[in-house]
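Student: Just so it is clear, I am handing over start.csv, which has CSV, C-alpha atoms.
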```csv
chain,number,residue,atom,x,y,z
E,1,MET,CA,0.0,0.0,0.0
E,2,LEU,CA,2.8,2.4,0.9
E,3,THR,CA,4.5,1.5,-2.3
E,4,LEU,CA,1.4,2.3,-4.3
E,5,LEU,CA,1.0,5.7,-2.5
E,6,LYS,CA,4.6,6.4,-3.3
E,7,LEU,CA,4.1,5.5,-6.9
E,8,PHE,CA,1.1,7.7,-7.2
E,9,GLY,CA,2.9,10.6,-5.4
E,10,THR,CA,6.1,10.3,-7.4
E,11,PHE,CA,4.3,10.2,-10.8
E,12,PHE,CA,1.9,13.0,-9.7
E,13,GLU,CA,5.0,15.1,-9.1
E,14,ILE,CA,6.5,14.1,-12.4
E,15,GLY,CA,3.3,15.0,-14.2
E,16,LEU,CA,3.1,18.3,-12.4
E,17,PHE,CA,6.6,19.5,-13.3
E,18,GLY,CA,6.8,18.0,-16.8
E,19,PHE,CA,5.9,21.1,-18.8
E,20,GLY,CA,5.2,20.4,-22.4
E,21,GLY,CA,5.4,16.6,-22.0
E,22,GLY,CA,7.6,14.3,-24.1
E,23,TYR,CA,11.3,14.2,-23.4
E,24,VAL,CA,10.9,16.7,-20.5
E,25,ILE,CA,9.9,13.9,-18.2
E,26,ILE,CA,13.1,11.9,-18.8
E,27,PRO,CA,15.2,13.9,-16.3
E,28,LEU,CA,12.4,13.9,-13.9
E,29,ILE,CA,11.8,10.2,-14.0
E,30,GLN,CA,15.5,9.4,-14.0
E,31,GLU,CA,16.0,11.2,-10.7
E,32,HIS,CA,13.3,9.2,-8.9
E,33,LEU,CA,14.2,5.9,-10.3
E,34,VAL,CA,17.7,6.1,-9.1
E,35,LYS,CA,16.6,7.6,-5.7
E,36,ASN,CA,14.0,5.0,-5.0
E,37,ASN,CA,16.1,2.1,-6.4
E,38,TRP,CA,13.3,1.2,-8.8
E,39,MET,CA,15.4,0.8,-11.9
E,40,SER,CA,18.9,1.1,-13.3
E,41,ILE,CA,19.8,3.6,-15.9
E,42,GLU,CA,20.1,0.8,-18.5
E,43,GLU,CA,16.6,-0.4,-17.7
E,44,PHE,CA,15.3,3.1,-17.9
E,45,LEU,CA,16.7,3.6,-21.3
E,46,ASN,CA,15.2,0.3,-22.5
E,47,LEU,CA,11.9,1.8,-21.2
E,48,VAL,CA,12.4,5.1,-23.2
E,49,ALA,CA,13.0,3.0,-26.3
E,50,ILE,CA,9.9,0.9,-25.7
E,51,ALA,CA,7.9,4.1,-25.0
E,52,GLU,CA,9.1,5.5,-28.3
E,53,VAL,CA,8.1,2.5,-30.5
E,54,THR,CA,4.7,2.0,-28.9
E,55,PRO,CA,1.6,4.2,-29.3
E,56,GLY,CA,0.7,6.8,-26.8
E,57,SER,CA,2.6,9.6,-25.1
E,58,ILE,CA,6.0,9.0,-23.6
E,59,SER,CA,5.0,10.2,-20.2
E,60,VAL,CA,2.0,7.8,-20.0
E,61,ASN,CA,4.0,4.9,-21.4
E,62,SER,CA,6.8,5.4,-19.0
E,63,ALA,CA,4.5,5.6,-16.0
E,64,THR,CA,2.7,2.4,-17.0
E,65,TYR,CA,6.0,0.6,-17.4
E,66,VAL,CA,7.7,1.7,-14.2
E,67,GLY,CA,4.4,1.1,-12.3
E,68,TYR,CA,4.3,-2.5,-13.6
E,69,LYS,CA,7.9,-3.1,-12.7
E,70,VAL,CA,7.4,-1.8,-9.2
E,71,TYR,CA,4.0,-3.2,-8.3
E,72,GLY,CA,2.5,-5.3,-11.2
E,73,VAL,CA,-0.7,-4.4,-13.0
E,74,LEU,CA,-2.1,-2.4,-10.1
E,75,GLY,CA,1.1,-0.4,-10.0
E,76,SER,CA,0.9,0.4,-13.7
E,77,VAL,CA,-2.6,1.7,-13.3
E,78,VAL,CA,-1.8,3.8,-10.1
E,79,ALA,CA,1.4,5.3,-11.7
E,80,THR,CA,-0.5,6.2,-14.9
E,81,LEU,CA,-3.3,7.9,-13.0
E,82,GLY,CA,-0.7,9.7,-10.9
E,83,VAL,CA,1.1,11.1,-14.0
E,84,ILE,CA,-2.1,12.3,-15.7
E,85,SER,CA,-3.8,13.8,-12.6
E,86,PRO,CA,-2.0,17.1,-12.7
E,87,SER,CA,-2.8,17.6,-16.4
E,88,LEU,CA,-6.4,16.7,-15.7
E,89,ILE,CA,-6.8,19.0,-12.8
E,90,VAL,CA,-5.0,21.9,-14.4
E,91,GLY,CA,-6.9,21.3,-17.7
E,92,LEU,CA,-10.2,21.4,-15.9
E,93,LEU,CA,-9.3,24.6,-14.0
E,94,ILE,CA,-8.3,26.3,-17.2
E,95,ALA,CA,-11.3,25.0,-19.1
E,96,ALA,CA,-13.6,26.1,-16.3
E,97,PHE,CA,-12.1,29.6,-15.6
E,98,PHE,CA,-10.5,30.7,-18.8
E,99,LYS,CA,-13.0,29.9,-21.5
E,100,ASN,CA,-11.3,31.9,-24.2
E,101,GLY,CA,-7.6,31.2,-23.8
E,102,THR,CA,-5.4,32.5,-21.1
E,103,GLY,CA,-3.9,35.7,-22.5
E,104,ASN,CA,-0.1,35.9,-22.9
E,105,THR,CA,1.0,35.0,-19.4
E,106,PRO,CA,1.7,31.4,-20.3
E,107,GLN,CA,3.8,32.4,-23.3
E,108,ASN,CA,5.8,34.7,-21.1
E,109,ILE,CA,6.5,32.1,-18.5
E,110,LEU,CA,7.5,29.8,-21.2
E,111,LYS,CA,10.3,32.2,-22.2
E,112,PHE,CA,12.2,31.3,-19.1
E,113,LEU,CA,11.0,27.8,-18.7
E,114,ALA,CA,11.7,26.5,-22.1
E,115,PRO,CA,15.5,27.0,-22.1
E,116,ALA,CA,15.7,25.6,-18.6
E,117,VAL,CA,13.9,22.5,-19.7
E,118,ILE,CA,16.2,22.0,-22.6
E,119,GLY,CA,19.1,22.3,-20.2
E,120,LEU,CA,17.5,19.6,-18.1
E,121,ILE,CA,17.1,17.2,-21.0
E,122,LEU,CA,20.7,17.8,-22.0
E,123,GLY,CA,21.7,16.9,-18.5
E,124,SER,CA,19.9,13.6,-18.8
E,125,GLY,CA,21.3,13.0,-22.2
E,126,PHE,CA,24.8,13.6,-20.8
E,127,THR,CA,24.5,11.0,-18.1
E,128,ILE,CA,22.9,8.6,-20.5
E,129,GLY,CA,25.6,9.2,-23.1
E,130,ILE,CA,28.4,8.6,-20.6
E,131,THR,CA,27.0,5.3,-19.3
E,132,ASN,CA,26.2,3.9,-22.8
E,133,ILE,CA,28.6,5.2,-25.3
E,134,THR,CA,31.5,3.2,-24.1
E,135,SER,CA,33.3,2.2,-27.3
E,136,LEU,CA,34.4,3.7,-30.5
E,137,ILE,CA,31.8,1.8,-32.5
E,138,ASN,CA,29.1,3.1,-30.2
E,139,LEU,CA,30.3,6.6,-30.6
E,140,LEU,CA,30.3,6.2,-34.4
E,141,ILE,CA,26.7,4.8,-34.3
E,142,PHE,CA,25.6,7.6,-32.0
E,143,VAL,CA,27.0,10.3,-34.4
E,144,ILE,CA,25.5,8.6,-37.5
E,145,VAL,CA,22.1,8.3,-35.8
E,146,LEU,CA,22.2,11.9,-34.6
E,147,LEU,CA,23.0,13.2,-38.1
E,148,LEU,CA,20.2,11.1,-39.6
E,149,LEU,CA,17.7,12.4,-37.1
E,150,VAL,CA,18.7,16.1,-37.4
E,151,PHE,CA,19.1,16.2,-41.2
E,152,THR,CA,16.6,13.6,-42.6
E,153,ASP,CA,13.0,12.7,-41.9
E,154,VAL,CA,13.8,9.2,-40.8
E,155,ASN,CA,11.3,7.7,-38.4
E,156,PRO,CA,12.6,7.0,-34.9
E,157,ILE,CA,11.0,3.6,-35.0
E,158,VAL,CA,13.2,2.7,-38.0
E,159,ILE,CA,16.3,3.9,-36.1
E,160,ILE,CA,15.4,1.9,-33.0
E,161,ILE,CA,14.9,-1.3,-35.1
E,162,ALA,CA,18.1,-0.7,-37.0
E,163,THR,CA,20.2,-0.2,-33.9
E,164,ALA,CA,18.7,-3.2,-32.3
E,165,LEU,CA,19.9,-5.3,-35.3
E,166,ILE,CA,23.3,-3.7,-35.1
E,167,GLY,CA,23.5,-4.5,-31.4
E,168,ILE,CA,22.6,-8.2,-32.1
E,169,VAL,CA,25.1,-8.5,-35.0
E,170,PHE,CA,28.0,-6.8,-33.3
E,171,GLY,CA,27.1,-7.6,-29.7
A,1,MET,CA,-24.3,7.8,-22.0
A,2,LYS,CA,-23.8,7.4,-25.8
A,3,ASP,CA,-21.9,10.7,-25.9
A,4,LEU,CA,-19.6,9.6,-23.1
A,5,TRP,CA,-18.9,6.3,-24.8
A,6,ASP,CA,-18.1,8.2,-28.0
A,7,LEU,CA,-15.7,10.4,-26.2
A,8,PHE,CA,-14.0,7.4,-24.7
A,9,ARG,CA,-13.9,5.5,-28.0
A,10,VAL,CA,-12.6,8.4,-30.1
A,11,PHE,CA,-9.8,9.3,-27.7
A,12,ALA,CA,-8.8,5.6,-27.2
A,13,GLN,CA,-8.5,5.4,-30.9
A,14,ILE,CA,-6.3,8.5,-31.0
A,15,GLY,CA,-4.2,7.2,-28.2
A,16,ALA,CA,-3.7,3.8,-29.9
A,17,LEU,CA,-2.7,5.4,-33.3
A,18,THR,CA,-0.2,8.0,-32.3
A,19,PHE,CA,3.4,7.3,-31.6
A,20,GLY,CA,5.5,9.6,-29.6
A,21,GLY,CA,2.7,11.9,-28.3
A,22,GLY,CA,2.8,15.7,-28.4
A,23,TYR,CA,3.1,17.2,-31.9
A,24,ALA,CA,3.0,13.7,-33.5
A,25,MET,CA,-0.6,13.6,-32.3
A,26,LEU,CA,-1.8,16.9,-33.8
A,27,PRO,CA,-2.7,15.6,-37.4
A,28,ILE,CA,-4.7,12.7,-36.0
A,29,ILE,CA,-6.5,14.9,-33.5
A,30,GLN,CA,-7.3,17.4,-36.3
A,31,GLU,CA,-8.7,14.6,-38.5
A,32,GLU,CA,-10.8,12.9,-35.8
A,33,ILE,CA,-11.9,15.8,-33.8
A,34,VAL,CA,-12.2,18.7,-36.2
A,35,ASN,CA,-12.8,17.2,-39.7
A,36,LYS,CA,-14.8,14.1,-38.9
A,37,ARG,CA,-16.8,15.2,-35.8
A,38,GLY,CA,-16.7,18.9,-35.5
A,39,TRP,CA,-16.1,18.7,-31.8
A,40,ALA,CA,-13.7,21.7,-32.0
A,41,THR,CA,-12.2,24.1,-34.6
A,42,ASP,CA,-8.6,24.1,-35.8
A,43,GLU,CA,-8.0,27.3,-33.9
A,44,GLU,CA,-9.3,25.8,-30.7
A,45,ILE,CA,-7.0,22.8,-31.1
A,46,LEU,CA,-4.0,25.1,-31.6
A,47,ASP,CA,-5.0,27.0,-28.5
A,48,TYR,CA,-5.2,23.8,-26.5
A,49,TYR,CA,-1.7,23.0,-27.7
A,50,ALA,CA,-0.4,26.4,-26.7
A,51,ILE,CA,-1.9,26.1,-23.3
A,52,GLY,CA,-0.7,22.5,-23.0
A,53,GLN,CA,2.8,23.6,-23.6
A,54,SER,CA,2.9,26.2,-21.0
A,55,THR,CA,1.0,24.4,-18.2
A,56,PRO,CA,2.1,21.3,-16.3
A,57,GLY,CA,1.4,18.0,-17.8
A,58,ILE,CA,1.0,16.0,-21.0
A,59,ILE,CA,-0.3,17.8,-24.1
A,60,ALA,CA,-2.3,14.8,-25.3
A,61,VAL,CA,-4.0,14.6,-21.9
A,62,ASN,CA,-4.7,18.3,-21.8
A,63,THR,CA,-6.3,18.2,-25.2
A,64,ALA,CA,-8.5,15.3,-24.2
A,65,THR,CA,-9.5,17.1,-21.0
A,66,PHE,CA,-10.4,20.3,-22.8
A,67,ILE,CA,-12.5,18.6,-25.5
A,68,GLY,CA,-14.1,16.3,-23.0
A,69,TYR,CA,-15.0,19.2,-20.8
A,70,LYS,CA,-16.4,21.2,-23.7
A,71,ARG,CA,-18.7,18.3,-24.7
A,72,LYS,CA,-19.8,16.9,-21.4
A,73,GLY,CA,-18.4,18.9,-18.5
A,74,ILE,CA,-16.2,17.3,-15.8
A,75,ILE,CA,-17.3,13.7,-16.4
A,76,GLY,CA,-16.6,14.2,-20.1
A,77,ALA,CA,-13.1,15.5,-19.3
A,78,ILE,CA,-12.4,12.5,-17.2
A,79,VAL,CA,-13.8,10.0,-19.6
A,80,ALA,CA,-11.9,11.5,-22.6
A,81,THR,CA,-8.7,11.5,-20.6
A,82,LEU,CA,-9.2,7.9,-19.5
A,83,GLY,CA,-9.9,6.9,-23.1
A,84,MET,CA,-6.7,8.6,-24.2
A,85,ILE,CA,-4.5,6.6,-21.8
A,86,PHE,CA,-6.3,3.3,-22.0
A,87,PRO,CA,-4.4,1.9,-25.0
A,88,SER,CA,-1.1,2.8,-23.4
A,89,ILE,CA,-1.9,1.0,-20.2
A,90,VAL,CA,-3.0,-2.1,-22.1
A,91,ILE,CA,-0.1,-2.2,-24.6
A,92,ILE,CA,2.7,-1.3,-22.2
A,93,THR,CA,1.5,-3.7,-19.5
A,94,ILE,CA,1.5,-6.6,-22.1
A,95,ILE,CA,5.0,-5.6,-23.2
A,96,ALA,CA,6.2,-5.4,-19.6
A,97,VAL,CA,4.9,-8.8,-18.9
A,98,PHE,CA,6.7,-10.3,-21.9
A,99,PHE,CA,9.8,-8.2,-21.4
A,100,ASP,CA,10.3,-9.5,-17.9
A,101,GLN,CA,10.6,-13.0,-19.3
A,102,PHE,CA,12.9,-12.2,-22.2
A,103,GLU,CA,15.2,-9.6,-20.9
A,104,ASN,CA,17.7,-12.0,-19.6
A,105,TYR,CA,18.3,-13.6,-23.1
A,106,GLN,CA,21.7,-12.6,-24.5
A,107,ILE,CA,20.2,-11.6,-27.9
A,108,VAL,CA,17.7,-9.2,-26.2
A,109,GLN,CA,20.4,-7.6,-24.1
A,110,HIS,CA,22.5,-7.1,-27.2
A,111,ALA,CA,19.6,-5.6,-29.1
A,112,PHE,CA,18.9,-3.1,-26.2
A,113,ALA,CA,22.6,-2.2,-25.9
A,114,GLY,CA,22.4,-1.1,-29.5
A,115,ILE,CA,19.1,0.7,-28.9
A,116,ARG,CA,20.3,2.7,-25.9
A,117,VAL,CA,22.9,4.4,-28.1
A,118,ALA,CA,20.1,5.4,-30.4
A,119,VAL,CA,18.0,6.7,-27.5
A,120,ALA,CA,20.9,9.0,-26.4
A,121,ALA,CA,20.9,10.4,-30.0
A,122,LEU,CA,17.1,10.7,-29.9
A,123,ILE,CA,17.3,12.8,-26.8
A,124,LEU,CA,20.0,15.1,-28.3
A,125,ASN,CA,17.8,15.4,-31.4
A,126,ALA,CA,14.9,16.5,-29.2
A,127,ILE,CA,17.1,19.3,-27.9
A,128,VAL,CA,18.1,20.4,-31.4
A,129,THR,CA,14.4,20.5,-32.4
A,130,MET,CA,13.3,22.4,-29.4
A,131,TRP,CA,16.3,24.8,-29.4
A,132,GLN,CA,15.0,27.2,-32.1
A,133,LYS,CA,11.6,27.7,-30.5
A,134,ALA,CA,12.9,27.9,-26.9
A,135,VAL,CA,16.2,29.8,-27.0
A,136,LYS,CA,15.7,33.2,-28.6
A,137,ASP,CA,18.3,35.4,-26.9
A,138,TYR,CA,21.4,35.4,-24.8
A,139,ILE,CA,19.3,35.2,-21.6
A,140,GLY,CA,17.9,31.9,-22.9
A,141,ILE,CA,21.4,30.6,-23.6
A,142,ILE,CA,22.5,31.5,-20.0
A,143,ILE,CA,19.4,29.8,-18.5
A,144,PHE,CA,20.0,26.8,-20.7
A,145,LEU,CA,23.7,26.5,-19.6
A,146,VAL,CA,23.0,27.0,-15.9
A,147,SER,CA,20.2,24.5,-16.0
A,148,PHE,CA,22.4,21.9,-17.7
A,149,PHE,CA,25.3,22.5,-15.4
A,150,VAL,CA,23.5,22.3,-12.1
A,151,VAL,CA,21.6,19.1,-13.1
A,152,ALA,CA,24.5,17.3,-14.7
A,153,PHE,CA,27.4,18.3,-12.3
A,154,LEU,CA,25.9,19.5,-9.1
A,155,ASP,CA,23.1,16.9,-8.6
A,156,VAL,CA,20.5,19.6,-8.2
A,157,SER,CA,16.9,18.2,-8.6
A,158,PRO,CA,15.3,19.0,-12.0
A,159,ILE,CA,12.3,20.1,-10.0
A,160,TRP,CA,14.1,23.1,-8.5
A,161,VAL,CA,15.1,24.2,-12.0
A,162,VAL,CA,11.5,24.1,-13.2
A,163,ILE,CA,10.2,25.9,-10.1
A,164,ILE,CA,12.8,28.6,-10.1
A,165,SER,CA,12.5,29.4,-13.9
A,166,PHE,CA,8.7,29.3,-13.6
A,167,ILE,CA,8.8,31.9,-10.7
A,168,VAL,CA,11.3,34.1,-12.6
A,169,GLY,CA,9.0,34.0,-15.6
A,170,ILE,CA,6.1,35.2,-13.5
A,171,ILE,CA,8.1,38.0,-11.8
A,172,ILE,CA,9.6,39.3,-15.0
A,173,LYS,CA,6.1,39.3,-16.6
A,174,HIS,CA,4.7,41.4,-13.7
A,175,LYS,CA,7.6,43.9,-13.9
A,176,LYS,CA,6.8,44.5,-17.5
A,177,VAL,CA,3.1,45.1,-16.6
A,178,ASP,CA,4.1,47.5,-13.8
A,179,SER,CA,6.3,49.7,-16.0
A,180,LYS,CA,3.6,50.3,-18.6
```
Would you mind giving the structure from this file in structure tokens?
Tutor:
Amino acid sequence: MLTLLKLFGTFFEIGLFGFGGGYVIIPLIQEHLVKNNWMSIEEFLNLVAIAEVTPGSISVNSATYVGYKVYGVLGSVVATLGVISPSLIVGLLIAAFFKNGTGNTPQNILKFLAPAVIGLILGSGFTIGITNITSLINLLIFVIVLLLLVFTDVNPIVIIIATALIGIVFG
Amino acid sequence: MKDLWDLFRVFAQIGALTFGGGYAMLPIIQEEIVNKRGWATDEEILDYYAIGQSTPGIIAVNTATFIGYKRKGIIGAIVATLGMIFPSIVIITIIAVFFDQFENYQIVQHAFAGIRVAVAALILNAIVTMWQKAVKDYIGIIIFLVSFFVVAFLDVSPIWVVIISFIVGIIIKHKKVDSK
């Protein structure tokens, strides 16, 4: 029961501070997984890859996966409800009180938040890079994948399948 | 009751068909919500996205909440949101069950060792994509660098970075209003 409460609380917090969704929640989740000993960085990255190749938003998928790992099916439901609750509450408040948009305040707040969030994601990427790019071949694959992503329209799912095959062949 | 079921069904369908969430979802939401059903206009959807980006939480969930609320009040908001996350819970739980049994196989471990390198690149690519929209002046660059530094090297919790830059955003905004 305590674990379930902790799961809900943790993912509520992650949902509350994950502005904009998507990759923003990676640094937030990473911190809690390590702190609570729920998962290793490697397992967490497997999770990000799985969240990327399955339908649905990364935040929801991650919450479901971590919840299952920690407390089975019940854990996955509780963690997912935790991560969406802040969105639901804030969304309801906005829908109820600001019927016609919210003026320019959010955009202004975003001016400072957005660069900070990118810094956070880079912080995560940095830790992840250090722990996983351990050989010259890995570095080469990393650079090639990054160039493909930045300069072409290649689908991330294709990238993930391709690197899985490379991992199997050269592993 | 039929309306609520429709909300659940349509958002479950959107949740099941979109990979990656966020902006990847926009075309499908426009098709299903605006073109097919007329539950909202294009402008409203874009407003929802703008609000979703600058408020806590998940854009997909925010959009479901807004449209559900617009159609059927608070119950509608909850039903649409549950619909949106339903496919994720089912699919990911199934994957997690199987993954638990396969992850110790050598071949699976090698595959994921390869994938993890790609994930590092995906994360960096997300930064490149967001950079243009988010970092518009030297203040932005400074905030970015400080944020990266304190999280990567000083072990500061990301939450503090979010809270502080949020508060700074509000204060600066008010200053501007005062000086007018």
Student: Tell me, as a ChimeraX atom specification, which residues lie within 9 Å of range 96-103 of chain A, counting all atoms listed in the file; anything in the same chain fewer than 2 positions away does not count.
Tutor: /E:64-65,68-69,72 /A:91-94,105-109
Student: Do you know which residues are at most 10 Å from range 30-44 of chain A counting all atoms listed in the file, after dropping those on the same chain fewer than 6 positions away, and could you put them as a list in words?
Tutor: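 Skipping anything fewer than 6 positions along the chain leaves Asn100 and Gly101 of chain E; Val10, Phe11, Gln13, Ile14, Ala50, Thr63, Phe66, Ile67, Gly68, Lys70 and Arg71 of chain A.
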Student: Residues at most 12 Å from His32 in chain E, counting all atoms listed in the file, excluding those fewer than 4 positions away in the same chain, as a PDB file with C-alpha atoms, keeping the file's coordinate frame?
Tutor:
```
ATOM      1  CA  LYS E   6       4.600   6.400  -3.300  1.00  0.00           C
ATOM      2  CA  LEU E   7       4.100   5.500  -6.900  1.00  0.00           C
ATOM      3  CA  GLY E   9       2.900  10.600  -5.400  1.00  0.00           C
ATOM      4  CA  THR E  10       6.100  10.300  -7.400  1.00  0.00           C
ATOM      5  CA  PHE E  11       4.300  10.200 -10.800  1.00  0.00           C
ATOM      6  CA  GLU E  13       5.000  15.100  -9.100  1.00  0.00           C
ATOM      7  CA  ILE E  14       6.500  14.100 -12.400  1.00  0.00           C
ATOM      8  CA  ILE E  25       9.900  13.900 -18.200  1.00  0.00           C
ATOM      9  CA  ILE E  26      13.100  11.900 -18.800  1.00  0.00           C
ATOM     10  CA  PRO E  27      15.200  13.900 -16.300  1.00  0.00           C
ATOM     11  CA  LEU E  28      12.400  13.900 -13.900  1.00  0.00           C
ATOM     12  CA  ASN E  36      14.000   5.000  -5.000  1.00  0.00           C
ATOM     13  CA  ASN E  37      16.100   2.100  -6.400  1.00  0.00           C
ATOM     14  CA  TRP E  38      13.300   1.200  -8.800  1.00  0.00           C
ATOM     15  CA  MET E  39      15.400   0.800 -11.900  1.00  0.00           C
ATOM     16  CA  SER E  40      18.900   1.100 -13.300  1.00  0.00           C
ATOM     17  CA  ILE E  41      19.800   3.600 -15.900  1.00  0.00           C
ATOM     18  CA  PHE E  44      15.300   3.100 -17.900  1.00  0.00           C
ATOM     19  CA  ALA E  63       4.500   5.600 -16.000  1.00  0.00           C
ATOM     20  CA  VAL E  66       7.700   1.700 -14.200  1.00  0.00           C
TER      21      VAL E  66
ATOM     22  CA  SER A 157      16.900  18.200  -8.600  1.00  0.00           C
ATOM     23  CA  PRO A 158      15.300  19.000 -12.000  1.00  0.00           C
ATOM     24  CA  ILE A 159      12.300  20.100 -10.000  1.00  0.00           C
TER      25      ILE A 159
END
```
Student: Using only C-alpha atoms, pick whichever of A:Ile142, A:Leu7, A:Phe148, A:Ala77 has the shortest atom-to-atom distance to chain E.
Tutor: A:Phe148
Student: Out of E:Gly119, E:Gly75, E:Gly129, E:Gly82, which residue has the shortest atom-to-atom distance to Ile141 in chain A when counting all atoms listed in the file?
Tutor: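 Of E:Gly119, E:Gly75, E:Gly129, E:Gly82, the one nearest Ile141 in chain A, counting all atoms listed in the file, is E:Gly119.
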Student: Would you kindly return, as a PyMOL selection string, each protein, DNA or RNA residue with an atom no farther than 12 Å from any atom of Val53 in chain E, considering all atoms listed in the file and excluding same-chain residues fewer than 5 positions away?
Tutor: (chain E and resi 46-48+58+61-62+155-161) or (chain A and resi 16-21+88+91-92+95+115+119)
